[in-house]
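See below for the structure under consideration.
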Amino acid sequence: MCGIVAYLGERDAYPILINGLKRLEYRGYDSAGVALLHDGALIVHKCQGKVSDLEAHVNGASVKGNLGMGHTRWATHGAPNDVNAHPHQSTSGDLALIHNGIIENYAPIKAELAQRGHTFRSETDTEVLVHLIDDIQRTEGVDLAEAVRLALASVVGAYAIVVIDRKAPNVMVAARKSSPLVIGIGDGEHFCASDATPIVEHTKNVVYLEDGEIAVIDRHHGLKIRNVKNQEKTPFITELEMHLEALEKGGYDHFMLKEIHEQPRSVRDSMRGRLNLAKGEVVLGGILEYEQKFVNAKRILIVGCGTSWHAGLVGEYLLEDLARIPVEVEYASEFRYRNPIVNEDDIVIAISQSGETADTLAAIELAKGRGATIIGICNVVGSSIARVTHAGSYTHAGPEIGVASTKAFTAQVTVLTLMALMIGHKKGTIGGSSFHRLLNELEAIPDKVQKVLGTEAQIRYIADIYKDATNALYLGRGYSFPVALEGALKLKEISYIHAEGYPAAEMKHGPIALIDEEMPVFVIATKGASYEKVVSNIQEVKARKGKIIAIVTEGDTVVKGLADHTIEIPETSDPLVPLLSVVPLQLLSYHIAVMRGCNVDQPRNLAKSVTVE
């Protein structure tokens, strides 16, 4: 969850750290802090609030030093306040540490260290780790790197850490397990960060630390890596493909709005090189080696969390409909704890925007241990899921900074659509004419998304009417049911209005009791197999005086005569409707949240990359 950044070089560290923290703030923004080493002094500034609050807190105080680190926090252990903010220091004040993750066995370690005379200031698990490193360093008489290695051998949990020592002004030590950490290698300087966003403007050369690895970065001797077992590792340097302009707002008021409007491009990029109309084929190179395994599969399991789980639900409809393979979609957080039945001939598709979602990684580990084939769908090159899966496909959505996911959803659904088409065509479960028709319609989706974006003024008008609602209901059938769930999630996430998504027919089994003249009901009522049934559901809502906002197919007159408001989307086949119908719901949530004065890019209590349980 949290964001960490560190620098060792010849430049002033503070501006690099602050800029890096701003890029990482989507990972957590409960508190922020920096530690700098200068002329033998370890200077720490930290406070509750956002990075801008930290800058105000510093306000001209000493921030010199060319070795330093910074942290932006999503609170786990301990309330978001000044004391619990990172960096944390040892009792002596010589060591400072920043941490993303959770130390699960911190309580017994803390109790033992307290008996040995250590004094703790915060409620965090992180402070326990820096005291443990300090204790080992003093009692064993070892250097910082060895003390970190010995300490990590005795902790249980997830971590990405950076540690500096006032007595070692030319060294910083970094390590990771189950939380991401990337090292940037520049000209006579090094960077550490939770992801590449703070690094890309300084260098394109990076090393992604693997689980259990410890990096020792020395001003004079460069980068050396070893693992917790003290075995040396050779750093594998990768060149970043990320571009700096992708991390800026580009004239939009918020990253979320920018990312909604980027969807014509991100969907097209997710198809680029994979969909070939001229040859009439779909080729996903990343899973081509496993194509026959898909064809022979008796069952596919899809695991994900949040928006990725909703994309997985669309994937279930696609794979069962087009490829005729039974699919089960699981919350990764539940999958890992309920002793699931996983067979060696199963295929598990793991979906994650960041590629670092802790529950999804744990689900992968469980399924992999039982012999299943693991296919990843993620957005971040070099991420943990990309490295631990057998094969997979990147979504090519580009960086998504807004905490509420938008373009990641449509990119994931695009890849799942391509996957279902490729497998179905190979199996012969989708006929030639239907296959080519869907290829042509999929090729046209980016332009149709652009057309939907052209309805934003109308959507803003509707948002103004319902911005003060306290509850909302989202209804859909078939392919549109997962979209109803996603629409409700977006409204909850950024506007703090309670909202629920339901299969339209399930409304009569409870939720209809909530409907009155104050209740907005958002219905996806596009032309298709279940159109008449959805029209009946709309009439049931109207009979209870509910307010209907309907997403309809262009030219629809029936629903328009029943609904209070309609938003038209271009006509397309049922399997592709989610790629269009979700866009108005994203825009509605965005404009309602803005009108309510909410921080749409950084909603309260949330973080972008959920790297802890």
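In the structure tokens, chains take letters A, B, ... by order of appearance, with residues numbered from 1 within each chain and ligands from 1 in the order shown.
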**Request:** Skip region 356-364 of chain A itself and residues of its chain fewer than 6 positions away, then list as an NGL selection string all residues within 10 Å of it, counting only C-alpha atoms.
**Result:** :A and (1 or 101 or 158 or 178-180 or 303-305 or 330-337 or 340 or 348-350 or 370 or 372-376 or 378 or 380 or 383-386 or 388-389 or 608-613)
**Request:** Please provide the set of residues having any atom within 9 Å of Pro575 (chain A), restricted to only C-alpha atoms, with same-chain residues fewer than 3 positions apart removed, written as a count of residues only.
**Result:** 11
**Prompt:** How many Å lie between CA of Gln586 (chain A) and CA of Ile548 (chain A), rounded to one decimal?
**Reply:** 17.1 Å
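Here the question is which of A:Ala107, A:Ala513, A:Ala61, A:Ala408 gets nearest to Thr124 (chain A) using only C-alpha atoms, and that residue is A:Ala107.
Running DSSP on the backbone and keeping only strand (DSSP E), the residues of region 284-428 of chain A that qualify are Ile300, Leu301, Ile302, Val303, Gly304, Val327, Glu328, Val329, Glu330, Tyr331, Ile347, Val348, Ile349, Ala350, Ile351, Ser352, Thr373, Ile374, Ile375, Gly376, Ile377, Cys378, Ala391, Gly392, Ser393 and Tyr394 of chain A.
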**Message:** Excluding Ala175 (chain A) and its own-chain neighbours fewer than 4 positions away, which residues fall within 8 Å of it when counting only C-alpha atoms? Please give them as a list in words.
**Reply:**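 The contact residues come out as Tyr159, Ala160, Ile161, Val162, Leu181, Leu209, Gly212, Glu213, Ile214 and Ala215 of chain A.
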**Test item, helix (DSSP H, G or I) assignment across region 22-240 of chain A, answer as a PyMOL selection string** = chain A and resi 22-27+51-58+106-115+125-140+144-152
**Asked** If we count only C-alpha atoms, what is near region 4-20 of chain A at a cut-off of 6 Å, once residues fewer than 2 positions away on the same chain are taken out, given as a ChimeraX atom specification?
**Response** /A:22-23,65-71,189-194,198
**Message:** Would you pick out the contacts of Ala297 (chain A) at 9 Å or less, using only C-alpha atoms, so that residues sharing its chain but fewer than 3 positions from it are not included, and give the list as a PyMOL selection string?
**Reply:** chain A and resi 292-294+300+325-326+345-347
**Request:** Provide the CA of Gly355 (chain A) to CA of Arg149 (chain A) distance in Å, to one decimal place.
**Result:**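 Result for CA of Gly355 (chain A) versus CA of Arg149 (chain A): 26.1 Å, one decimal.
Taking CA of Leu284 (chain A) and CA of Ile351 (chain A) as endpoints, the distance between them is 15.8 Å.
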**Request:** Compile the contact shell of region 91-96 of chain A as a ChimeraX atom specification: residues with an atom at most 9 Å away, counting only C-alpha atoms, same-chain residues fewer than 3 positions apart removed.
**Result:** /A:35,41-42,44,69,86-88,118-120,130-131,133-134,162-167
Would you mind exporting the chosen residues as an mmCIF file, in the first residue's frame, restricted to N, CA and C atoms?
data_model
loop_
_atom_site.group_PDB
_atom_site.id
_atom_site.type_symbol
_atom_site.label_atom_id
_atom_site.label_comp_id
_atom_site.auth_asym_id
_atom_site.auth_seq_id
_atom_site.Cartn_x
_atom_site.Cartn_y
_atom_site.Cartn_z
ATOM 1 N N ALA A 35 13.686 11.377 5.632
ATOM 2 C CA ALA A 35 14.888 11.351 6.465
ATOM 3 C C ALA A 35 16.080 11.651 5.563
ATOM 4 N N ALA A 41 24.655 14.118 10.669
ATOM 5 C CA ALA A 41 23.370 14.246 11.373
ATOM 6 C C ALA A 41 22.267 13.577 10.563
ATOM 7 N N LEU A 42 21.364 12.886 11.252
ATOM 8 C CA LEU A 42 20.196 12.282 10.631
ATOM 9 C C LEU A 42 18.995 13.176 10.906
ATOM 10 N N VAL A 44 15.062 14.124 10.383
ATOM 11 C CA VAL A 44 13.777 13.499 10.072
ATOM 12 C C VAL A 44 12.665 14.533 10.178
ATOM 13 N N MET A 69 15.588 9.400 2.230
ATOM 14 C CA MET A 69 14.462 8.540 1.868
ATOM 15 C C MET A 69 13.162 9.174 2.314
ATOM 16 N N HIS A 86 6.112 7.420 9.014
ATOM 17 C CA HIS A 86 7.479 6.992 8.708
ATOM 18 C C HIS A 86 8.280 8.204 8.226
ATOM 19 N N PRO A 87 9.601 8.178 8.299
ATOM 20 C CA PRO A 87 10.495 7.117 8.748
ATOM 21 C C PRO A 87 10.462 6.923 10.274
ATOM 22 N N HIS A 88 10.832 5.699 10.691
ATOM 23 C CA HIS A 88 10.976 5.391 12.110
ATOM 24 C C HIS A 88 12.446 5.237 12.437
ATOM 25 N N HIS A 118 14.725 -1.431 24.992
ATOM 26 C CA HIS A 118 14.319 -0.581 23.884
ATOM 27 C C HIS A 118 13.035 0.174 24.238
ATOM 28 N N THR A 119 12.964 1.429 23.832
ATOM 29 C CA THR A 119 11.791 2.269 24.075
ATOM 30 C C THR A 119 11.096 2.552 22.752
ATOM 31 N N PHE A 120 9.786 2.316 22.720
ATOM 32 C CA PHE A 120 9.020 2.497 21.483
ATOM 33 C C PHE A 120 8.129 3.726 21.595
ATOM 34 N N VAL A 130 13.045 -1.609 12.951
ATOM 35 C CA VAL A 130 14.249 -0.773 13.019
ATOM 36 C C VAL A 130 14.960 -0.968 14.359
ATOM 37 N N HIS A 131 14.191 -1.198 15.437
ATOM 38 C CA HIS A 131 14.817 -1.498 16.734
ATOM 39 C C HIS A 131 15.518 -2.856 16.698
ATOM 40 N N ILE A 133 16.886 -4.327 14.052
ATOM 41 C CA ILE A 133 18.131 -4.155 13.286
ATOM 42 C C ILE A 133 19.194 -3.478 14.144
ATOM 43 N N ASP A 134 18.794 -2.458 14.874
ATOM 44 C CA ASP A 134 19.715 -1.736 15.757
ATOM 45 C C ASP A 134 20.270 -2.672 16.835
ATOM 46 N N VAL A 162 13.735 0.349 3.197
ATOM 47 C CA VAL A 162 15.026 1.000 2.986
ATOM 48 C C VAL A 162 15.499 1.457 4.355
ATOM 49 N N VAL A 163 16.788 1.229 4.643
ATOM 50 C CA VAL A 163 17.378 1.586 5.933
ATOM 51 C C VAL A 163 18.633 2.404 5.687
ATOM 52 N N ILE A 164 18.813 3.456 6.472
ATOM 53 C CA ILE A 164 20.067 4.214 6.445
ATOM 54 C C ILE A 164 20.603 4.351 7.866
ATOM 55 N N ASP A 165 21.916 4.551 7.956
ATOM 56 C CA ASP A 165 22.610 4.589 9.235
ATOM 57 C C ASP A 165 23.460 5.861 9.296
ATOM 58 N N ARG A 166 23.269 6.631 10.346
ATOM 59 C CA ARG A 166 24.017 7.882 10.507
ATOM 60 C C ARG A 166 25.520 7.632 10.462
ATOM 61 N N LYS A 167 25.959 6.442 10.912
ATOM 62 C CA LYS A 167 27.393 6.124 10.980
ATOM 63 C C LYS A 167 27.922 5.567 9.654
#
